[in-house]
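K.L.:
Okay, here's the structure, questions in a sec.
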There are 2 protein chains.
Amino acid sequence: MRVTQKSIADKIGVSVSLVCRVLSGRADEIGVAEETRKRVMETAEEMGYVPNLAAQTLRGKPSRTVGVVVYDFQDSFFSDLVGHLQRIVHSAGYSTVIVGFTDREIDTQDLSPLLQRALDAVIVVGSDLTGNVFERLKHVPVFRIGVGFPGESTICYTADEERAASELASYLKERQVANVMCVRHVSPILERRIEGMRRALEGAGLRVESIVAPKGLRNFEAGFWMATEHLKPNALPDAVVCAIDLIALGVIHGALSRRIRIPDQLKVTGFDDIAVSRQIYPPITTFAQPVVSIVERIVERIGKGDFEIGVEYVYCPLLRRLSC
Amino acid sequence: MRVTQKSIADKIGVSVSLVCRVLSGRADEIGVAEETRKRVMETAEEMGYVPNLAAQTLRGKPSRTVGVVVYDFQDSFFSDLVGHLQRIVHSAGYSTVIVGFTDREIDTQDLSPLLQRALDAVIVVGSDLTGNVFERLKHVPVFRIGVGFPGESTICYTADEERAASELASYLKERQVANVMCVRHVSPILERRIEGMRRALEGAGLRVESIVAPKGLRNFEAGFWMATEHLKPNALPDAVVCAIDLIALGVIHGALSRRIRIPDQLKVTGFDDIAVSRQIYPPITTFAQPVVSIVERIVERIGKGDFEIGVEYVYCPLLRRLSC
DNA sequence: TTGTATGCGTTATCAT
DNA sequence: ATGATAACGCATACAA
């Protein structure tokens with residue numbers, strides 16, 4: 001049996017409420033004999049008392065628990081993000097209950113770990129989630145990292161894709177790129193991002209060809225497929241632009257395996273700055289999403305109870321690396 | 001205010017206990033008028049009733065929650081693992097409370113999210129954790145993925161490193177490798193693994209040189225440092241053997257950036273088969289830890305309440321790929 | 001300075 | 001077939 005306030009009280013022959021007052025730290029506030037206080041503290045320590053969260057929660061105490069919904073655990077952008085999130089949230093004294101999905105629709109059943117609990121907030125990571133997910137989470141503030149959909153009641157931190165696109169256009173021009181290929185994809189969010197890039201590139205006078213990956217290919221595979229099916233060594237574009245690093249990774253893998261040299265013969269760009277992008281050779285030119293500061297801001301807002309709905313666009317600096 | 005059994009009872013003018021019986025599914029078992037049953041169900045649905053986990057837990061119902069302790073979130077072996085774990089655990093009807101650390105000692109405070117909760121089990125992922133972590137988790141069965149330390153009361157699934165080492169030795173011999181470099185490292189667990197490999201390689205008649213990375217370098221950086229500081233283009237070893245893929249990734253990055261061709265001039269091997277190892281070019285020859293089946297077995301055992309202490313050695317097949 | 005009583009939401013037991 | 005009551009562990013208002 002686990003140690004409760006009652007077991008402590010019984011042991012030293014006082015009442016439960018006295019023990020409670022001491023343990024909840026308001027001993028002096030209310031007035032408790034110093035000696036009693038000491039005895040309670042010592043006994044609690046000695047017996048290994050740990051407060052029962054269920055009981056506290058039932059009494060209405062905030063559980064200091066944050067729910068996390070992760071769309072695609074296979075994309076290391078998200079799993080890295082969860083790592084940071086976990087660390088930052090925890091150092092602010094919260095714990096995390098995580099629910100994740102890869103490549104499938106979410107149903108209500110899936111969210112029950114979050115619905116059943118008293119949560120201080122929910123953080124949704126990953127963009128390919130539609131509105132019905134959020135309708136179930138009405139009783140709790142929802143923060144979202146990624147692109148939201150119109151009319152949703154979340155506090156959304158989104159990459160400033162427009163600015164990124166225009167920065168990319170200038171950079172490619174500066175590097176004498178004239179012909180570009182884009183990898184298109186089933187994900188509506190990535191479509192949107194790559195479409196913004198296409199517009200910016202064409203606006204800057206570049207020629208853009210879009211390659212649509214077959215349905216069912218995941219990110220890396222889509223990039224790999226594009227490289228093996230559409231990169232003709234004798235008619236290469238100057239650059240391939242990708243919506244995320246994982247796709248770029250696939251392009252680079254496909255290109256290198258066909259002995260296409262990067263970046264001499266072909267430049268490749270991504271988005272997200274996942275760890276691998278720095279770890280492969282050549283490292284990928286990409287945009288850094290400032291995930292740490294986003295998460296820090298979110299945790300800070302959770303602490304302050306600042307839940308004002310809205311979208312904030314976050315600047316993602318271009319990291320010029322060897323792939324481009 | 002959230003919907004409770006009481007609010008449902010009030011609305012349709014019956015007692016709470018009746019509502020409870022219907023909602024907990026034992027309506028027929030005890031005897032409830034079909035019509036009443038229906039009305040309760042419909043009202044609950046309509047009002048959006050969700051059982052209060054805290055109350056259920058307080059009553060002693062298993063919370064169907066599994067605690068997860070992750071040592072190094074930056075190593076994608078672990079973050080991938082968390083993804084699988086999350087998925088498998090969840091599809092068996094459990095939720096996960098995750099606690100993570102990177103590069104620092106764990107103190108009791110850190111574990112409080114786990115200690116406070118009623119957990120069905122704890123799964124510890126990552127090996128560089130000492131005994132005092134587990135002492136605090138005496139009241140709950142602990143499963144461990146990775147190497148345990150002697151005398152610890154956990155149910156441990158460990159890679160069969162001995163078998164892997166001997167497989168590696170045969171493979172390298174088969175490939176006419178005579179001189180090998182090993183990257184050594186501060187982590188005691190990785191030290192142990194690489195030491196086992198060294199023994200096997202020398203036993204097979206290979207010459208092995210160990211390079212010790214400076215303290216403070218993390219996995220990738222240790223590999224990178226080794227490649228840039230110790231690979232002399234005019235005196236290369238035939239192969240570099242690494243304790244994990246992340247270190248191998250660093251070696252490969254360092255080698256490629258110095259125009260050393262892999263695998264013609266230098267072979268590189270890793271361990272873990274993280275996703276990147278397949279995604280970079282050339283892909284890394286490595287050992288696959290069967291994480292999915294390990295996690296599945298653990299979840300199955302949690303369900304059955306089979307908590308018999310012990311160590312199980314798991315076969316990790318060698319995946320022959322282009323880096324070697 | 002300390003103790004008693006009450007309620008959070010759910011459920012098991014006993015009573016009607 | 002349905003209702004009343006008590007208990008889980010904690011925290012508070014109130015009484016002593």
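The way I read the labels, and the way they are meant: chains A, B, ... in the order of the structure tokens, residue 1 as the first residue of every chain, and ligand 1 as the first ligand shown, with later ones counted on from there.
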Got a sec to align chain A on chain B by every in-order Cα pair and hand back the fitted coordinates as a compact mmCIF listing (two decimals) with C-alpha atoms, in the first residue's frame?
P.N.:
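Result written to out08.txt:
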# COMPACT_ATOMS: atom_id res chain seq x y z
CA MET A 1 -18.04 22.78 -15.68
CA ARG A 2 -17.39 19.34 -17.05
CA VAL A 3 -20.14 16.79 -17.45
CA THR A 4 -20.31 14.29 -14.59
CA GLN A 5 -22.54 11.34 -13.83
CA LYS A 6 -24.38 13.57 -11.42
CA SER A 7 -25.22 16.14 -14.05
CA ILE A 8 -26.61 13.40 -16.25
CA ALA A 9 -28.57 11.93 -13.35
CA ASP A 10 -30.04 15.32 -12.46
CA LYS A 11 -31.03 16.00 -16.01
CA ILE A 12 -33.09 12.86 -16.44
CA GLY A 13 -34.13 12.57 -12.81
CA VAL A 14 -32.52 9.34 -11.73
CA SER A 15 -29.84 8.48 -9.21
CA VAL A 16 -26.11 8.66 -9.82
CA SER A 17 -25.61 4.97 -9.23
CA LEU A 18 -28.03 4.09 -11.96
CA VAL A 19 -26.18 6.28 -14.36
CA CYS A 20 -22.94 4.75 -13.22
CA ARG A 21 -24.16 1.22 -13.81
CA VAL A 22 -25.30 2.03 -17.29
CA LEU A 23 -22.15 3.88 -18.23
CA SER A 24 -19.81 1.27 -16.87
CA GLY A 25 -21.52 -1.24 -19.15
CA ARG A 26 -22.88 -3.58 -16.54
CA ALA A 27 -26.48 -2.56 -17.10
CA ASP A 28 -27.87 -5.97 -18.03
CA GLU A 29 -25.64 -7.71 -15.53
CA ILE A 30 -27.39 -5.98 -12.69
CA GLY A 31 -30.73 -5.29 -14.22
CA VAL A 32 -31.69 -1.92 -15.66
CA ALA A 33 -34.85 -1.15 -17.57
CA GLU A 34 -34.06 -1.00 -21.25
CA GLU A 35 -35.69 2.35 -21.62
CA THR A 36 -33.77 3.89 -18.75
CA ARG A 37 -30.54 2.48 -20.14
CA LYS A 38 -31.23 4.06 -23.48
CA ARG A 39 -32.10 7.39 -21.98
CA VAL A 40 -28.92 7.49 -19.94
CA MET A 41 -26.75 6.53 -22.88
CA GLU A 42 -28.31 9.12 -25.13
CA THR A 43 -28.07 11.89 -22.59
CA ALA A 44 -24.46 11.04 -21.83
CA GLU A 45 -23.58 11.10 -25.50
CA GLU A 46 -25.49 14.31 -26.05
CA MET A 47 -23.90 16.08 -23.09
CA GLY A 48 -20.46 14.82 -24.08
CA TYR A 49 -19.75 12.81 -20.97
CA VAL A 50 -16.13 11.75 -20.43
CA PRO A 51 -15.26 9.76 -17.34
CA ASN A 52 -13.03 11.54 -14.87
CA LEU A 53 -9.81 9.60 -14.75
CA ALA A 54 -8.74 11.11 -11.45
CA ALA A 55 -11.87 9.85 -9.75
CA GLN A 56 -11.53 6.41 -11.26
CA THR A 57 -7.89 6.23 -10.27
CA LEU A 58 -8.70 7.31 -6.76
CA ARG A 59 -11.12 4.45 -6.55
CA GLY A 60 -8.32 2.10 -7.40
CA LYS A 61 -8.99 1.45 -11.02
CA PRO A 62 -5.82 0.82 -13.02
CA SER A 63 -5.15 4.03 -14.89
CA ARG A 64 -3.93 2.23 -18.01
CA THR A 65 -1.05 4.60 -18.06
CA VAL A 66 2.54 3.66 -18.74
CA GLY A 67 5.41 5.85 -17.63
CA VAL A 68 8.31 6.23 -20.06
CA VAL A 69 11.77 7.37 -19.05
CA VAL A 70 13.97 8.35 -21.97
CA TYR A 71 17.60 8.94 -21.46
CA ASP A 72 18.81 10.69 -24.57
CA PHE A 73 16.14 12.29 -26.71
CA GLN A 74 18.75 13.59 -29.11
CA ASP A 75 19.72 10.13 -30.23
CA SER A 76 17.14 9.27 -32.83
CA PHE A 77 17.33 5.66 -31.81
CA PHE A 78 15.51 6.71 -28.70
CA SER A 79 13.16 9.19 -30.25
CA ASP A 80 12.20 6.67 -32.95
CA LEU A 81 11.70 4.15 -30.21
CA VAL A 82 9.40 6.52 -28.38
CA GLY A 83 7.37 6.87 -31.56
CA HIS A 84 6.90 3.11 -31.82
CA LEU A 85 6.32 2.81 -28.14
CA GLN A 86 3.71 5.48 -28.19
CA ARG A 87 1.89 3.82 -31.06
CA ILE A 88 1.96 0.29 -29.73
CA VAL A 89 1.16 1.20 -26.16
CA HIS A 90 -1.69 3.35 -27.30
CA SER A 91 -3.22 0.76 -29.56
CA ALA A 92 -3.32 -1.53 -26.55
CA GLY A 93 -5.39 1.07 -24.76
CA TYR A 94 -2.76 2.68 -22.58
CA SER A 95 -1.53 6.24 -22.47
CA THR A 96 2.01 7.39 -21.91
CA VAL A 97 3.53 9.88 -19.53
CA ILE A 98 6.99 10.70 -20.72
CA VAL A 99 9.98 11.94 -18.79
CA GLY A 100 13.18 12.62 -20.63
CA PHE A 101 16.76 13.65 -20.00
CA THR A 102 19.71 14.48 -22.09
CA ASP A 103 23.19 14.58 -20.75
CA ARG A 104 22.44 15.03 -17.11
CA GLU A 105 21.89 13.15 -13.93
CA ILE A 106 18.36 12.40 -12.88
CA ASP A 107 17.17 13.47 -9.49
CA THR A 108 14.07 12.46 -7.61
CA GLN A 109 12.30 15.65 -8.50
CA ASP A 110 12.56 14.67 -12.13
CA LEU A 111 10.66 11.49 -11.59
CA SER A 112 7.75 13.06 -9.75
CA PRO A 113 5.42 12.91 -12.76
CA LEU A 114 5.84 9.16 -12.56
CA LEU A 115 5.82 8.80 -8.81
CA GLN A 116 2.66 10.81 -8.34
CA ARG A 117 0.66 8.79 -10.76
CA ALA A 118 -0.88 5.37 -10.56
CA LEU A 119 1.01 3.64 -13.33
CA ASP A 120 0.56 0.18 -14.71
CA ALA A 121 4.24 -0.01 -15.58
CA VAL A 122 7.31 2.05 -16.37
CA ILE A 123 9.43 1.54 -19.45
CA VAL A 124 12.98 2.83 -19.26
CA VAL A 125 14.67 3.54 -22.53
CA GLY A 126 18.38 4.20 -22.73
CA SER A 127 21.14 2.67 -20.79
CA ASP A 128 23.14 5.35 -19.06
CA LEU A 129 21.00 5.33 -15.97
CA THR A 130 22.26 4.16 -12.65
CA GLY A 131 20.59 2.29 -9.83
CA ASN A 132 19.26 5.17 -7.79
CA VAL A 133 16.74 5.91 -10.52
CA PHE A 134 15.13 2.56 -10.03
CA GLU A 135 15.06 2.58 -6.27
CA ARG A 136 12.41 5.25 -6.45
CA LEU A 137 10.29 3.11 -8.71
CA LYS A 138 9.85 0.17 -6.41
CA HIS A 139 6.06 0.28 -6.35
CA VAL A 140 5.68 -0.34 -10.05
CA PRO A 141 7.05 -2.92 -12.49
CA VAL A 142 9.93 -1.56 -14.55
CA PHE A 143 10.82 -2.73 -18.04
CA ARG A 144 14.10 -1.67 -19.49
CA ILE A 145 15.20 -1.50 -23.09
CA GLY A 146 18.96 -1.47 -23.14
CA VAL A 147 21.66 -2.69 -20.83
CA GLY A 148 20.84 -2.93 -17.14
CA PHE A 149 23.27 -2.86 -14.26
CA PRO A 150 23.92 -5.83 -12.01
CA GLY A 151 21.37 -6.50 -9.31
CA GLU A 152 18.69 -4.16 -10.58
CA SER A 153 15.07 -5.27 -10.28
CA THR A 154 13.95 -4.67 -13.81
CA ILE A 155 12.76 -6.69 -16.72
CA CYS A 156 15.50 -6.03 -19.18
CA TYR A 157 15.64 -6.45 -22.94
CA THR A 158 19.23 -6.15 -24.09
CA ALA A 159 20.87 -6.46 -27.49
CA ASP A 160 22.88 -9.64 -27.80
CA GLU A 161 26.13 -7.79 -28.26
CA GLU A 162 28.31 -10.84 -28.11
CA ARG A 163 26.63 -12.46 -31.04
CA ALA A 164 26.66 -9.17 -32.94
CA ALA A 165 30.38 -8.77 -32.31
CA SER A 166 31.19 -12.19 -33.64
CA GLU A 167 28.99 -11.66 -36.68
CA LEU A 168 30.77 -8.39 -37.34
CA ALA A 169 34.17 -10.06 -37.10
CA SER A 170 33.23 -12.69 -39.68
CA TYR A 171 31.78 -10.11 -41.99
CA LEU A 172 34.82 -7.85 -41.90
CA LYS A 173 37.12 -10.78 -42.48
CA GLU A 174 35.02 -11.88 -45.39
CA ARG A 175 35.48 -8.39 -46.79
CA GLN A 176 39.27 -8.61 -46.44
CA VAL A 177 39.47 -6.07 -43.64
CA ALA A 178 42.70 -6.31 -41.67
CA ASN A 179 43.07 -3.01 -39.80
CA VAL A 180 40.26 -1.52 -37.80
CA MET A 181 39.79 1.63 -35.80
CA CYS A 182 37.26 1.82 -32.97
CA VAL A 183 35.82 5.02 -31.58
CA ARG A 184 35.79 4.96 -27.82
CA HIS A 185 33.66 7.16 -25.77
CA VAL A 186 32.78 8.30 -22.29
CA SER A 187 29.53 6.36 -22.01
CA PRO A 188 30.14 3.21 -19.97
CA ILE A 189 27.55 1.28 -21.93
CA LEU A 190 28.99 2.12 -25.31
CA GLU A 191 32.45 1.40 -23.93
CA ARG A 192 31.26 -2.02 -23.00
CA ARG A 193 29.79 -2.69 -26.41
CA ILE A 194 32.82 -1.48 -28.32
CA GLU A 195 35.11 -3.41 -26.00
CA GLY A 196 33.19 -6.59 -26.82
CA MET A 197 33.64 -5.84 -30.49
CA ARG A 198 37.34 -5.23 -30.04
CA ARG A 199 37.74 -8.58 -28.37
CA ALA A 200 35.85 -10.38 -31.11
CA LEU A 201 37.78 -8.62 -33.87
CA GLU A 202 41.15 -9.34 -32.32
CA GLY A 203 40.03 -12.89 -31.67
CA ALA A 204 39.41 -13.17 -35.40
CA GLY A 205 42.93 -11.94 -36.11
CA LEU A 206 42.24 -8.33 -37.02
CA ARG A 207 44.43 -5.46 -35.86
CA VAL A 208 42.41 -2.98 -33.81
CA GLU A 209 43.33 0.52 -32.80
CA SER A 210 41.12 2.33 -30.28
CA ILE A 211 40.68 6.07 -30.45
CA VAL A 212 39.30 7.71 -27.35
CA ALA A 213 37.19 10.78 -27.98
CA PRO A 214 37.72 13.76 -25.67
CA LYS A 215 35.29 14.04 -22.85
CA GLY A 216 32.35 16.30 -23.54
CA LEU A 217 31.89 15.36 -27.17
CA ARG A 218 28.49 13.89 -27.87
CA ASN A 219 28.00 10.91 -30.14
CA PHE A 220 27.99 12.50 -33.57
CA GLU A 221 30.69 14.95 -32.62
CA ALA A 222 32.88 12.17 -31.26
CA GLY A 223 32.70 10.36 -34.58
CA PHE A 224 33.33 13.52 -36.51
CA TRP A 225 36.28 14.41 -34.33
CA MET A 226 37.75 10.96 -34.80
CA ALA A 227 37.47 11.21 -38.56
CA THR A 228 39.01 14.64 -38.82
CA GLU A 229 41.78 14.08 -36.28
CA HIS A 230 42.73 10.47 -36.83
CA LEU A 231 42.05 9.51 -40.41
CA LYS A 232 45.21 10.21 -42.38
CA PRO A 233 44.41 9.83 -46.09
CA ASN A 234 47.74 8.14 -46.68
CA ALA A 235 47.40 5.71 -43.78
CA LEU A 236 43.75 4.81 -43.53
CA PRO A 237 42.52 1.77 -41.66
CA ASP A 238 40.33 -0.57 -43.68
CA ALA A 239 37.35 0.05 -41.47
CA VAL A 240 36.01 2.10 -38.59
CA VAL A 241 33.75 0.29 -36.16
CA CYS A 242 31.32 2.33 -34.06
CA ALA A 243 29.15 1.49 -31.08
CA ILE A 244 26.12 3.27 -32.52
CA ASP A 245 24.95 4.72 -35.81
CA LEU A 246 25.20 8.30 -34.60
CA ILE A 247 28.93 7.93 -34.12
CA ALA A 248 29.21 6.23 -37.50
CA LEU A 249 27.30 9.15 -38.99
CA GLY A 250 29.91 11.50 -37.57
CA VAL A 251 32.75 9.40 -38.95
CA ILE A 252 31.15 9.27 -42.37
CA HIS A 253 30.50 13.00 -42.39
CA GLY A 254 34.08 13.70 -41.39
CA ALA A 255 35.47 11.25 -43.91
CA LEU A 256 33.36 12.45 -46.84
CA SER A 257 34.21 16.06 -46.09
CA ARG A 258 37.88 15.11 -46.37
CA ARG A 259 37.19 13.39 -49.69
CA ILE A 260 37.68 9.91 -48.36
CA ARG A 261 35.52 7.56 -50.40
CA ILE A 262 33.21 5.17 -48.62
CA PRO A 263 33.39 2.21 -48.79
CA ASP A 264 36.22 1.97 -51.37
CA GLN A 265 38.79 3.62 -49.17
CA LEU A 266 37.14 3.18 -45.82
CA LYS A 267 34.37 0.99 -44.47
CA VAL A 268 32.22 2.14 -41.59
CA THR A 269 29.83 0.20 -39.37
CA GLY A 270 27.34 1.23 -36.73
CA PHE A 271 24.69 -0.23 -34.45
CA ASP A 272 20.94 0.40 -34.00
CA ASP A 273 19.72 0.90 -37.55
CA ILE A 274 18.26 4.33 -36.94
CA ALA A 275 16.22 5.74 -39.81
CA VAL A 276 19.01 8.02 -40.99
CA SER A 277 21.27 5.06 -41.55
CA ARG A 278 19.00 4.07 -44.40
CA GLN A 279 18.43 7.61 -45.57
CA ILE A 280 21.98 8.83 -46.04
CA TYR A 281 24.14 7.83 -48.96
CA PRO A 282 25.90 5.49 -48.65
CA PRO A 283 23.59 3.81 -46.16
CA ILE A 284 25.26 2.44 -43.07
CA THR A 285 25.99 -1.21 -42.40
CA THR A 286 24.60 -1.75 -38.95
CA PHE A 287 22.74 -4.02 -36.56
CA ALA A 288 18.96 -3.78 -36.32
CA GLN A 289 17.56 -3.72 -32.84
CA PRO A 290 14.10 -5.26 -33.17
CA VAL A 291 12.50 -2.45 -31.23
CA VAL A 292 8.99 -3.02 -32.46
CA SER A 293 8.85 -6.61 -31.35
CA ILE A 294 10.52 -5.77 -28.04
CA VAL A 295 7.94 -3.11 -27.33
CA GLU A 296 5.13 -5.39 -28.42
CA ARG A 297 6.33 -8.05 -26.07
CA ILE A 298 6.57 -5.57 -23.22
CA VAL A 299 3.07 -4.26 -23.78
CA GLU A 300 1.77 -7.80 -23.96
CA ARG A 301 3.44 -8.61 -20.65
CA ILE A 302 2.03 -5.49 -19.03
CA GLY A 303 -1.42 -6.60 -20.13
CA LYS A 304 -0.94 -10.06 -18.70
CA GLY A 305 0.65 -8.82 -15.50
CA ASP A 306 3.73 -10.91 -16.21
CA PHE A 307 6.44 -9.08 -14.33
CA GLU A 308 9.08 -11.71 -13.79
CA ILE A 309 12.44 -10.05 -13.28
CA GLY A 310 15.21 -11.03 -15.64
CA VAL A 311 17.35 -10.19 -18.62
CA GLU A 312 16.55 -11.29 -22.14
CA TYR A 313 19.18 -11.04 -24.84
CA VAL A 314 17.77 -10.06 -28.18
CA TYR A 315 19.30 -11.01 -31.48
CA CYS A 316 20.14 -8.02 -33.66
CA PRO A 317 20.75 -9.05 -37.27
CA LEU A 318 23.58 -7.45 -39.24
CA LEU A 319 22.29 -5.35 -42.12
CA ARG A 320 24.86 -5.29 -44.88
CA ARG A 321 24.72 -1.97 -46.62
CA LEU A 322 26.85 0.21 -48.81
CA SER A 323 29.04 1.74 -46.13
CA CYS A 324 30.85 -1.55 -45.70
K.L.:
Write out, as JSON lines, each residue of chain C that has an atom at most 9 Å from chain B, together with the closest pair of atoms and their distance in Å to one decimal, counting only C-alpha atoms (C1' of nucleotides), rows going by chain and rising number.
P.N.:
{"residue": "C:DC8", "atom": "C1'", "partner": "B:Ala55", "partner_atom": "CA", "distance": 8.3}
{"residue": "C:DG9", "atom": "C1'", "partner": "B:Ala55", "partner_atom": "CA", "distance": 5.1}
{"residue": "C:DT10", "atom": "C1'", "partner": "B:Ala55", "partner_atom": "CA", "distance": 5.6}
{"residue": "C:DT11", "atom": "C1'", "partner": "B:Cys20", "partner_atom": "CA", "distance": 7.3}
K.L.:
Output all heavy atoms for every residue in that selection, as a PDB file, in the first residue's frame.
P.N.:
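Wrote again-v1.pdb, looks like this:
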ATOM      1  P    DC C   8     -19.159  18.187  -4.450  1.00  0.00           P
ATOM      2  OP1  DC C   8     -19.994  19.295  -4.943  1.00  0.00           O
ATOM      3  OP2  DC C   8     -19.738  16.865  -4.155  1.00  0.00           O
ATOM      4  O5'  DC C   8     -17.975  17.946  -5.484  1.00  0.00           O
ATOM      5  C5'  DC C   8     -16.966  18.935  -5.744  1.00  0.00           C
ATOM      6  C4'  DC C   8     -15.710  18.219  -6.190  1.00  0.00           C
ATOM      7  O4'  DC C   8     -15.080  17.666  -5.023  1.00  0.00           O
ATOM      8  C3'  DC C   8     -15.975  17.009  -7.080  1.00  0.00           C
ATOM      9  O3'  DC C   8     -15.926  17.423  -8.450  1.00  0.00           O
ATOM     10  C2'  DC C   8     -14.813  16.059  -6.759  1.00  0.00           C
ATOM     11  C1'  DC C   8     -14.290  16.552  -5.403  1.00  0.00           C
ATOM     12  N1   DC C   8     -14.368  15.564  -4.274  1.00  0.00           N
ATOM     13  C2   DC C   8     -13.218  15.225  -3.565  1.00  0.00           C
ATOM     14  O2   DC C   8     -12.147  15.733  -3.901  1.00  0.00           O
ATOM     15  N3   DC C   8     -13.317  14.333  -2.541  1.00  0.00           N
ATOM     16  C4   DC C   8     -14.497  13.797  -2.217  1.00  0.00           C
ATOM     17  N4   DC C   8     -14.536  12.946  -1.206  1.00  0.00           N
ATOM     18  C5   DC C   8     -15.678  14.152  -2.929  1.00  0.00           C
ATOM     19  C6   DC C   8     -15.574  15.022  -3.947  1.00  0.00           C
ATOM     20  P    DG C   9     -17.137  17.059  -9.420  1.00  0.00           P
ATOM     21  OP1  DG C   9     -16.958  17.818 -10.668  1.00  0.00           O
ATOM     22  OP2  DG C   9     -18.395  17.134  -8.689  1.00  0.00           O
ATOM     23  O5'  DG C   9     -16.854  15.532  -9.717  1.00  0.00           O
ATOM     24  C5'  DG C   9     -15.781  15.193 -10.572  1.00  0.00           C
ATOM     25  C4'  DG C   9     -15.705  13.687 -10.721  1.00  0.00           C
ATOM     26  O4'  DG C   9     -15.505  13.104  -9.421  1.00  0.00           O
ATOM     27  C3'  DG C   9     -16.982  13.042 -11.278  1.00  0.00           C
ATOM     28  O3'  DG C   9     -16.569  12.120 -12.269  1.00  0.00           O
ATOM     29  C2'  DG C   9     -17.625  12.382 -10.070  1.00  0.00           C
ATOM     30  C1'  DG C   9     -16.421  12.050  -9.206  1.00  0.00           C
ATOM     31  N9   DG C   9     -16.656  12.015  -7.773  1.00  0.00           N
ATOM     32  C8   DG C   9     -17.483  12.831  -7.032  1.00  0.00           C
ATOM     33  N7   DG C   9     -17.464  12.571  -5.748  1.00  0.00           N
ATOM     34  C5   DG C   9     -16.570  11.522  -5.625  1.00  0.00           C
ATOM     35  C6   DG C   9     -16.144  10.804  -4.474  1.00  0.00           C
ATOM     36  O6   DG C   9     -16.478  10.981  -3.298  1.00  0.00           O
ATOM     37  N1   DG C   9     -15.221   9.812  -4.802  1.00  0.00           N
ATOM     38  C2   DG C   9     -14.786   9.552  -6.064  1.00  0.00           C
ATOM     39  N2   DG C   9     -13.892   8.576  -6.183  1.00  0.00           N
ATOM     40  N3   DG C   9     -15.164  10.203  -7.151  1.00  0.00           N
ATOM     41  C4   DG C   9     -16.061  11.163  -6.857  1.00  0.00           C
ATOM     42  P    DT C  10     -17.570  11.157 -13.015  1.00  0.00           P
ATOM     43  OP1  DT C  10     -17.099  10.998 -14.407  1.00  0.00           O
ATOM     44  OP2  DT C  10     -18.964  11.569 -12.750  1.00  0.00           O
ATOM     45  O5'  DT C  10     -17.282   9.799 -12.247  1.00  0.00           O
ATOM     46  C5'  DT C  10     -15.947   9.318 -12.218  1.00  0.00           C
ATOM     47  C4'  DT C  10     -15.843   8.089 -11.356  1.00  0.00           C
ATOM     48  O4'  DT C  10     -16.145   8.436  -9.984  1.00  0.00           O
ATOM     49  C3'  DT C  10     -16.811   6.953 -11.729  1.00  0.00           C
ATOM     50  O3'  DT C  10     -16.015   5.824 -12.072  1.00  0.00           O
ATOM     51  C2'  DT C  10     -17.645   6.721 -10.476  1.00  0.00           C
ATOM     52  C1'  DT C  10     -16.796   7.352  -9.372  1.00  0.00           C
ATOM     53  N1   DT C  10     -17.551   7.909  -8.223  1.00  0.00           N
ATOM     54  C2   DT C  10     -17.341   7.396  -6.963  1.00  0.00           C
ATOM     55  O2   DT C  10     -16.582   6.470  -6.727  1.00  0.00           O
ATOM     56  N3   DT C  10     -18.068   8.005  -5.959  1.00  0.00           N
ATOM     57  C4   DT C  10     -18.955   9.059  -6.105  1.00  0.00           C
ATOM     58  O4   DT C  10     -19.537   9.522  -5.135  1.00  0.00           O
ATOM     59  C5   DT C  10     -19.123   9.541  -7.451  1.00  0.00           C
ATOM     60  C7   DT C  10     -20.064  10.680  -7.715  1.00  0.00           C
ATOM     61  C6   DT C  10     -18.422   8.962  -8.431  1.00  0.00           C
ATOM     62  P    DT C  11     -16.756   4.541 -12.680  1.00  0.00           P
ATOM     63  OP1  DT C  11     -15.759   3.852 -13.497  1.00  0.00           O
ATOM     64  OP2  DT C  11     -18.068   4.913 -13.248  1.00  0.00           O
ATOM     65  O5'  DT C  11     -17.029   3.675 -11.371  1.00  0.00           O
ATOM     66  C5'  DT C  11     -15.932   3.110 -10.678  1.00  0.00           C
ATOM     67  C4'  DT C  11     -16.419   2.472  -9.403  1.00  0.00           C
ATOM     68  O4'  DT C  11     -17.055   3.471  -8.563  1.00  0.00           O
ATOM     69  C3'  DT C  11     -17.465   1.366  -9.590  1.00  0.00           C
ATOM     70  O3'  DT C  11     -17.077   0.289  -8.762  1.00  0.00           O
ATOM     71  C2'  DT C  11     -18.750   2.001  -9.082  1.00  0.00           C
ATOM     72  C1'  DT C  11     -18.178   2.884  -7.975  1.00  0.00           C
ATOM     73  N1   DT C  11     -19.041   3.990  -7.489  1.00  0.00           N
ATOM     74  C2   DT C  11     -19.125   4.204  -6.133  1.00  0.00           C
ATOM     75  O2   DT C  11     -18.518   3.538  -5.308  1.00  0.00           O
ATOM     76  N3   DT C  11     -19.946   5.259  -5.753  1.00  0.00           N
ATOM     77  C4   DT C  11     -20.671   6.078  -6.591  1.00  0.00           C
ATOM     78  O4   DT C  11     -21.366   6.973  -6.151  1.00  0.00           O
ATOM     79  C5   DT C  11     -20.535   5.787  -8.004  1.00  0.00           C
ATOM     80  C7   DT C  11     -21.271   6.624  -9.014  1.00  0.00           C
ATOM     81  C6   DT C  11     -19.741   4.769  -8.387  1.00  0.00           C
TER      82       DT C  11
END
K.L.:
Please compute the atom C1' of C:DA5-atom C1' of D:DT5 distance, one decimal, in Å.
P.N.:
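Going from atom C1' of C:DA5 over to atom C1' of D:DT5 covers 16.2 Å.
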